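See structure below.
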2 protein chains.
Amino acid sequence: MSATDGAGGRRPTLALVGATGAVGTVMLDILTERPYQWGEIRLVASARSAGRTLRVRGEDVVVRALAPEVFDGVDVAMFDVPDAVSAEWGPVAAARGAVVVDNSGAFRMDPAVPLVVPEVNAADARVRPKGIIANPNCTTLTMMAALGALHRRWGLTAIVAASYQAASGAGQVGIDRLQDELAAVAGDRSLGSVAGDVRKALSGLPGNSPFPAPLALNVVPWAGSDKGDGWSSEELKVRNESRKILGIPDLKVSATCVRVPVVTTHSVAVHATFAGPVTVAEARAELAAQPSVVLLDDAAAGIFPTPVDAVGTDPTYVGRLRQSLDFPDTLELFVVGDNLRKGAALNTAEIAELVGAELAGR
Amino acid sequence: MSATDGAGGRRPTLALVGATGAVGTVMLDILTERPYQWGEIRLVASARSAGRTLRVRGEDVVVRALAPEVFDGVDVAMFDVPDAVSAEWGPVAAARGAVVVDNSGAFRMDPAVPLVVPEVNAADARVRPKGIIANPNCTTLTMMAALGALHRRWGLTAIVAASYQAASGAGQVGIDRLQDELAAVAGDRSLGSVAGDVRKALSGLPGNSPFPAPLALNVVPWAGSDKGDGWSSEELKVRNESRKILGIPDLKVSATCVRVPVVTTHSVAVHATFAGPVTVAEARAELAAQPSVVLLDDAAAGIFPTPVDAVGTDPTYVGRLRQSLDFPDTLELFVVGDNLRKGAALNTAEIAELVGAELAGR
């Protein structure tokens, strides 16, 4: 693997912190699919995972333990770790000269940290007084490519959103828990039809689920932590991050975030109101022109996006576009995106590539 | 079983048409739980199911084939059959003197047919020029007890709703299909994580799914038939039936109806706007005072309604009540109800009991 780019310049050095997590694992795939962006790639994880060998770009790389020195000589450091780890180690990496691209919630609402979706607000990534750029929450990200495109053209004023969020939004423990629950209910065709049976079927599983209720054969209307007045952290992230990314401080947002028994890929039903009239035909044309959006919108013919078709792919899929019958200047749409790719690792990689290109003078 | 009521009057005769379907099966349970409402109960089904013996109120009853004569002497005939069967046979039963309570979509929007939720508009059931009363669609019904109570007090003006609908909304074939799909994906923990795998895992199943996409490990943003301009029949039912039941012809409604891998019990995320200010505390008190509503609303403590806890029970469960942060006079709520009970059989039985009491002069 050459460490110079096509023009002979040095390719930037990348560190991936959290290489062994659910998002980190997808990031290794993405880095392998886009092999010419980086020179050296350092894989970093907790001391517990250090010493493991992971494969990226066809090479075996030994995972290094998180320590200040691993950031020496690093141009861009991507963090896919819990909030507390990012809060502690992001500034350490930045102090060592790396531009940090952080996928946690630690810095997203910091006014000195840009919150970036490259299709929407790439220019914001250049102004980073703390040397840190934040990657949005996965549920917010599911909507941004589509809503950003519509906003540029028609001026978004309000959204009412209801999510259908996958287990992997809670990380590898979320995936494992859903799979354990599905295994525990498999084969009993009476389950889900009579009160209490599903809880009973799961009673043999450990009590440490990341979800506050059974997820198999169920939906769970709560994601994240309590933020007061009945709101979950996930719902307020959708509101506050959408406002920041789109640059609409007074955007009206109401979100209801619900976990569903899907392994990976979030969906969101969006009721979006604009500053003026917009037709479905115009919106379709605008969305179809976006490189990162795929329109799947002929429901009568069975064409609409679903998680099992989107998982493992990069685009934001949009379908079920229709004019609200009773609300002026309002469209309904259903957006679907892989929460580990565009919702997390891919967008992080795209931000990092923006920075890499900037550093390389490209 | 005595055919007289406590006052010595004749108990009315009931016919249940569609006794062998998914809703009919639940209806047998409900009739057994409420044994003193009716004198004779006749069970009726298609010629294919005639002659079978079903158990109701502890008695074995032989199913009779649908024919005009089965309605002779019947006071109330409940229909849980497809639209076309109701359209043909409902008027036949009415012509024979039965008051028809129909759970299909055949008559719901007929101006000469009342559409009734007893908690909301019981009086409408008394004016039935065709001798037919309609039972609402299950998704609409999931919301009505709660929204009806809030509307009486604060005047509902608009709702934006996103549903999480169970497989049994598509009848027994829906339940069977979801169970078949779950069996087909069971044991392969890689499924749902990589594009295409779920479809491949289901490729051995028959091609006659009632759902237009895989439902296991997925969500399907389409329910019902195409009604033009991108809208599904289910979504327009939510709009039109809500307006009729609540008596608000100009109620603004936008619904997105999505099928989820839950066997039975629908959920709906509702954004509800009123004619004036309403606080969460006031709404909670109003909802808690409704006999058919159960408030489960302390999400921070893990208390919110979910399908696996609601299935097999009668109430409408309401949780996640919160004040919209950016929309005036608006509440967010999450409502959950068994779509085969309150969403279908129970509400039908309750309407039939209203009529039975009226006929008995009670």
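Each chain in the structure tokens gets a letter, A, B, ..., in the order shown, and its residues are numbered from 1; ligands are numbered from 1 in order too.
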### Query
Could you pull the residues within 8 Å of Val116 of chain A, counting only C-alpha atoms, minus those fewer than 6 positions along the same chain, as a list of chain:residue names?
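Contacts, with the query itself left out: A:Ala122, A:Asp124, A:Ala125, A:Ile133, A:Ala134, A:Asn135, A:Pro136, A:Ile245, A:Ile351.
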Non-local contacts of Asp29 of chain A (12 Å; only C-alpha atoms; under 5 positions in same chain excluded) as an mmCIF file with N, CA and C atoms, in the first residue's frame:
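Final output, saved to out-v3.cif:
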```
data_model
loop_
_atom_site.group_PDB
_atom_site.id
_atom_site.type_symbol
_atom_site.label_atom_id
_atom_site.label_comp_id
_atom_site.auth_asym_id
_atom_site.auth_seq_id
_atom_site.Cartn_x
_atom_site.Cartn_y
_atom_site.Cartn_z
ATOM 1 N N ALA A 19 -11.933 0.380 17.130
ATOM 2 C CA ALA A 19 -11.909 -0.459 15.923
ATOM 3 C C ALA A 19 -12.647 -1.773 16.108
ATOM 4 N N ALA A 22 -19.208 -2.227 17.125
ATOM 5 C CA ALA A 22 -20.134 -2.470 16.008
ATOM 6 C C ALA A 22 -19.870 -1.502 14.861
ATOM 7 N N VAL A 23 -19.690 -0.229 15.182
ATOM 8 C CA VAL A 23 -19.418 0.764 14.141
ATOM 9 C C VAL A 23 -17.998 0.591 13.610
ATOM 10 N N GLY A 24 -17.042 0.324 14.521
ATOM 11 C CA GLY A 24 -15.657 0.125 14.109
ATOM 12 C C GLY A 24 -15.512 -1.006 13.105
ATOM 13 N N ARG A 34 -12.561 1.809 0.255
ATOM 14 C CA ARG A 34 -12.074 3.112 -0.200
ATOM 15 C C ARG A 34 -10.594 3.181 0.165
ATOM 16 N N PRO A 35 -9.751 2.356 -0.476
ATOM 17 C CA PRO A 35 -8.397 2.100 0.034
ATOM 18 C C PRO A 35 -7.387 3.211 -0.234
ATOM 19 N N LEU A 54 -6.655 -7.200 13.328
ATOM 20 C CA LEU A 54 -7.841 -6.993 12.492
ATOM 21 C C LEU A 54 -7.386 -6.768 11.055
ATOM 22 N N ARG A 55 -8.255 -7.068 10.113
ATOM 23 C CA ARG A 55 -7.912 -6.953 8.703
ATOM 24 C C ARG A 55 -8.552 -5.692 8.128
ATOM 25 N N VAL A 56 -7.743 -4.882 7.483
ATOM 26 C CA VAL A 56 -8.248 -3.691 6.813
ATOM 27 C C VAL A 56 -7.434 -3.452 5.538
ATOM 28 N N ARG A 57 -8.075 -3.149 4.451
ATOM 29 C CA ARG A 57 -7.425 -2.954 3.140
ATOM 30 C C ARG A 57 -6.552 -4.157 2.783
ATOM 31 N N GLY A 58 -6.996 -5.343 3.182
ATOM 32 C CA GLY A 58 -6.242 -6.536 2.832
ATOM 33 C C GLY A 58 -5.001 -6.771 3.674
ATOM 34 N N GLY A 312 -26.215 -2.714 4.750
ATOM 35 C CA GLY A 312 -24.936 -2.985 4.108
ATOM 36 C C GLY A 312 -24.628 -2.087 2.929
ATOM 37 N N THR A 313 -25.527 -1.128 2.635
ATOM 38 C CA THR A 313 -25.294 -0.236 1.495
ATOM 39 C C THR A 313 -25.187 1.211 1.978
ATOM 40 N N ASP A 314 -24.696 2.069 1.093
ATOM 41 C CA ASP A 314 -24.374 3.437 1.479
ATOM 42 C C ASP A 314 -25.501 4.459 1.362
ATOM 43 N N LEU A 340 -25.371 1.841 10.665
ATOM 44 C CA LEU A 340 -23.943 1.651 10.937
ATOM 45 C C LEU A 340 -23.092 2.230 9.805
ATOM 46 N N ARG A 341 -23.678 2.409 8.621
ATOM 47 C CA ARG A 341 -22.926 2.970 7.492
ATOM 48 C C ARG A 341 -23.202 4.483 7.415
ATOM 49 N N ALA A 345 -20.545 4.952 10.502
ATOM 50 C CA ALA A 345 -19.185 4.802 9.983
ATOM 51 C C ALA A 345 -18.979 5.528 8.658
ATOM 52 N N LEU A 346 -19.926 5.388 7.737
ATOM 53 C CA LEU A 346 -19.718 5.995 6.422
ATOM 54 C C LEU A 346 -19.623 7.514 6.524
ATOM 55 N N ALA A 349 -16.387 8.462 7.936
ATOM 56 C CA ALA A 349 -15.320 8.305 6.936
ATOM 57 C C ALA A 349 -15.359 9.443 5.918
#
```
### Task
Using only C-alpha atoms, find the residues of chain A whose closest atom to chain B is at most 7 Å away, then write them as a ChimeraX atom specification.
/A:162,179,183,186-187,189,192-196,198,212,217-220,226,229-230,252-254,256,261-264,269,299-300,302,306-312,320-322,324,326-327
### Task
Using only C-alpha atoms, determine which residues lie at most 12 Å from segment 353-356 of chain B, disregarding the query and same-chain residues fewer than 6 positions distant; provide the list as an NGL selection string.
:B and (5 or 9-14 or 30-31 or 34-39 or 74-78 or 98-101 or 116-119 or 121-128 or 131-133 or 346-347 or 362)
### Message
Rounded to one decimal, what separation in Å do you get between atom CA of Lys130 of chain A and atom CA of Glu69 of chain A?
### Response
19.1 Å
### Query
What are the DSSP alpha helix (DSSP H) residues of segment 195-230 of chain B, as a list in words?
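Selection result, alpha helix (DSSP H) within segment 195-230 of chain B: Asp197, Val198, Arg199, Lys200 and Ala201 of chain B.
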Output file for the selection above: N, CA and C atoms, as a PDB file, in the first residue's frame:
```pdb
ATOM      1  N   ASP B 197     -29.672 -10.965   2.621  1.00  0.00           N
ATOM      2  CA  ASP B 197     -29.721 -12.238   3.312  1.00  0.00           C
ATOM      3  C   ASP B 197     -31.126 -12.650   3.739  1.00  0.00           C
ATOM      4  N   VAL B 198     -31.902 -11.702   4.247  1.00  0.00           N
ATOM      5  CA  VAL B 198     -33.236 -12.068   4.732  1.00  0.00           C
ATOM      6  C   VAL B 198     -34.096 -12.542   3.566  1.00  0.00           C
ATOM      7  N   ARG B 199     -34.037 -11.819   2.463  1.00  0.00           N
ATOM      8  CA  ARG B 199     -34.817 -12.280   1.293  1.00  0.00           C
ATOM      9  C   ARG B 199     -34.380 -13.677   0.871  1.00  0.00           C
ATOM     10  N   LYS B 200     -33.075 -13.926   0.915  1.00  0.00           N
ATOM     11  CA  LYS B 200     -32.578 -15.257   0.524  1.00  0.00           C
ATOM     12  C   LYS B 200     -33.080 -16.324   1.502  1.00  0.00           C
ATOM     13  N   ALA B 201     -33.045 -16.003   2.795  1.00  0.00           N
ATOM     14  CA  ALA B 201     -33.495 -16.969   3.801  1.00  0.00           C
ATOM     15  C   ALA B 201     -34.970 -17.308   3.639  1.00  0.00           C
TER      16      ALA B 201
END
```
### Per-residue DSSP, segment 193-287 of chain B, filtered to strand (DSSP E), as a list in words
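Reading the DSSP output for segment 193-287 of chain B, strand (DSSP E) covers Lys252, Val253, Ser254, Ala255, Thr256, His266, Ser267, Val268, Ala269, Val270, His271, Ala272, Thr273 and Phe274 of chain B.
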Export of prior selection with all heavy atoms as a short mmCIF file (atom, residue, chain, number, x, y, z; two decimals), in the first residue's frame:
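Generated file (again.cif):
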```cif
data_model
loop_
_atom_site.label_atom_id
_atom_site.label_comp_id
_atom_site.auth_asym_id
_atom_site.auth_seq_id
_atom_site.Cartn_x
_atom_site.Cartn_y
_atom_site.Cartn_z
N LYS B 252 -57.57 17.71 10.48
CA LYS B 252 -56.38 17.51 9.64
C LYS B 252 -55.70 16.21 10.06
O LYS B 252 -55.40 16.04 11.26
CB LYS B 252 -55.40 18.67 9.81
CG LYS B 252 -55.93 20.00 9.34
CD LYS B 252 -54.89 21.10 9.59
CE LYS B 252 -55.41 22.44 9.11
NZ LYS B 252 -54.42 23.51 9.33
N VAL B 253 -55.46 15.33 9.11
CA VAL B 253 -54.86 14.04 9.43
C VAL B 253 -53.81 13.68 8.39
O VAL B 253 -54.08 13.75 7.18
CB VAL B 253 -55.91 12.90 9.46
CG1 VAL B 253 -55.26 11.58 9.87
CG2 VAL B 253 -57.07 13.24 10.40
N SER B 254 -52.63 13.31 8.85
CA SER B 254 -51.65 12.65 7.99
C SER B 254 -51.21 11.39 8.71
O SER B 254 -50.75 11.46 9.85
CB SER B 254 -50.42 13.53 7.75
OG SER B 254 -50.54 14.27 6.57
N ALA B 255 -51.37 10.24 8.07
CA ALA B 255 -50.95 8.97 8.67
C ALA B 255 -49.95 8.28 7.77
O ALA B 255 -50.06 8.34 6.54
CB ALA B 255 -52.16 8.07 8.90
N THR B 256 -48.98 7.64 8.38
CA THR B 256 -48.09 6.72 7.68
C THR B 256 -48.26 5.36 8.34
O THR B 256 -48.01 5.24 9.55
CB THR B 256 -46.62 7.18 7.78
OG1 THR B 256 -46.49 8.46 7.17
CG2 THR B 256 -45.69 6.19 7.08
N HIS B 266 -51.40 -3.37 17.73
CA HIS B 266 -50.91 -2.21 16.99
C HIS B 266 -50.44 -1.13 17.96
O HIS B 266 -50.97 -0.99 19.07
CB HIS B 266 -52.04 -1.59 16.16
CG HIS B 266 -52.48 -2.39 14.98
ND1 HIS B 266 -51.89 -3.57 14.58
CD2 HIS B 266 -53.47 -2.16 14.06
CE1 HIS B 266 -52.49 -4.03 13.49
NE2 HIS B 266 -53.46 -3.20 13.17
N SER B 267 -49.47 -0.33 17.50
CA SER B 267 -49.04 0.86 18.22
C SER B 267 -49.09 2.04 17.25
O SER B 267 -48.90 1.86 16.05
CB SER B 267 -47.59 0.70 18.72
OG SER B 267 -47.44 -0.48 19.49
N VAL B 268 -49.32 3.23 17.79
CA VAL B 268 -49.33 4.43 16.95
C VAL B 268 -48.64 5.58 17.70
O VAL B 268 -48.98 5.85 18.86
CB VAL B 268 -50.76 4.86 16.56
CG1 VAL B 268 -50.71 5.95 15.49
CG2 VAL B 268 -51.60 3.69 16.06
N ALA B 269 -47.67 6.19 17.05
CA ALA B 269 -47.08 7.43 17.56
C ALA B 269 -47.94 8.58 17.03
O ALA B 269 -48.09 8.74 15.82
CB ALA B 269 -45.64 7.58 17.08
N VAL B 270 -48.50 9.35 17.96
CA VAL B 270 -49.47 10.39 17.57
C VAL B 270 -48.97 11.77 18.02
O VAL B 270 -48.58 11.96 19.17
CB VAL B 270 -50.85 10.14 18.22
CG1 VAL B 270 -51.87 11.15 17.69
CG2 VAL B 270 -51.34 8.71 17.97
N HIS B 271 -49.02 12.70 17.08
CA HIS B 271 -48.73 14.12 17.30
C HIS B 271 -50.09 14.80 17.16
O HIS B 271 -50.65 14.85 16.05
CB HIS B 271 -47.72 14.54 16.22
CG HIS B 271 -47.42 15.99 16.07
ND1 HIS B 271 -46.39 16.61 16.75
CD2 HIS B 271 -47.97 16.95 15.28
CE1 HIS B 271 -46.32 17.89 16.37
NE2 HIS B 271 -47.26 18.12 15.49
N ALA B 272 -50.67 15.22 18.28
CA ALA B 272 -52.06 15.67 18.29
C ALA B 272 -52.15 17.15 18.68
O ALA B 272 -51.65 17.55 19.72
CB ALA B 272 -52.87 14.84 19.28
N THR B 273 -52.81 17.94 17.83
CA THR B 273 -52.94 19.38 18.06
C THR B 273 -54.38 19.72 18.42
O THR B 273 -55.32 19.18 17.84
CB THR B 273 -52.50 20.14 16.79
OG1 THR B 273 -51.16 19.76 16.47
CG2 THR B 273 -52.54 21.65 17.02
N PHE B 274 -54.52 20.62 19.39
CA PHE B 274 -55.83 20.97 19.93
C PHE B 274 -56.15 22.44 19.67
O PHE B 274 -55.29 23.22 19.27
CB PHE B 274 -55.86 20.65 21.43
CG PHE B 274 -55.66 19.18 21.69
CD1 PHE B 274 -54.37 18.65 21.86
CD2 PHE B 274 -56.74 18.30 21.70
CE1 PHE B 274 -54.18 17.29 22.04
CE2 PHE B 274 -56.55 16.94 21.89
CZ PHE B 274 -55.28 16.43 22.06
#
```
### Query
Any idea what's packed within 9 Å of Val81 of chain A, counting only C-alpha atoms, ignoring anything in its chain fewer than 3 positions away? Could you give it as an NGL selection string?
:A and (17-19 or 21 or 23-24 or 45 or 84-86 or 102-104)
#### Entry: Polymer residues at most 10 Å from Arg152 of chain B, only C-alpha atoms, same-chain spacing of 6 or more positions, as a VMD selection string
chain B and resid 120 246 286
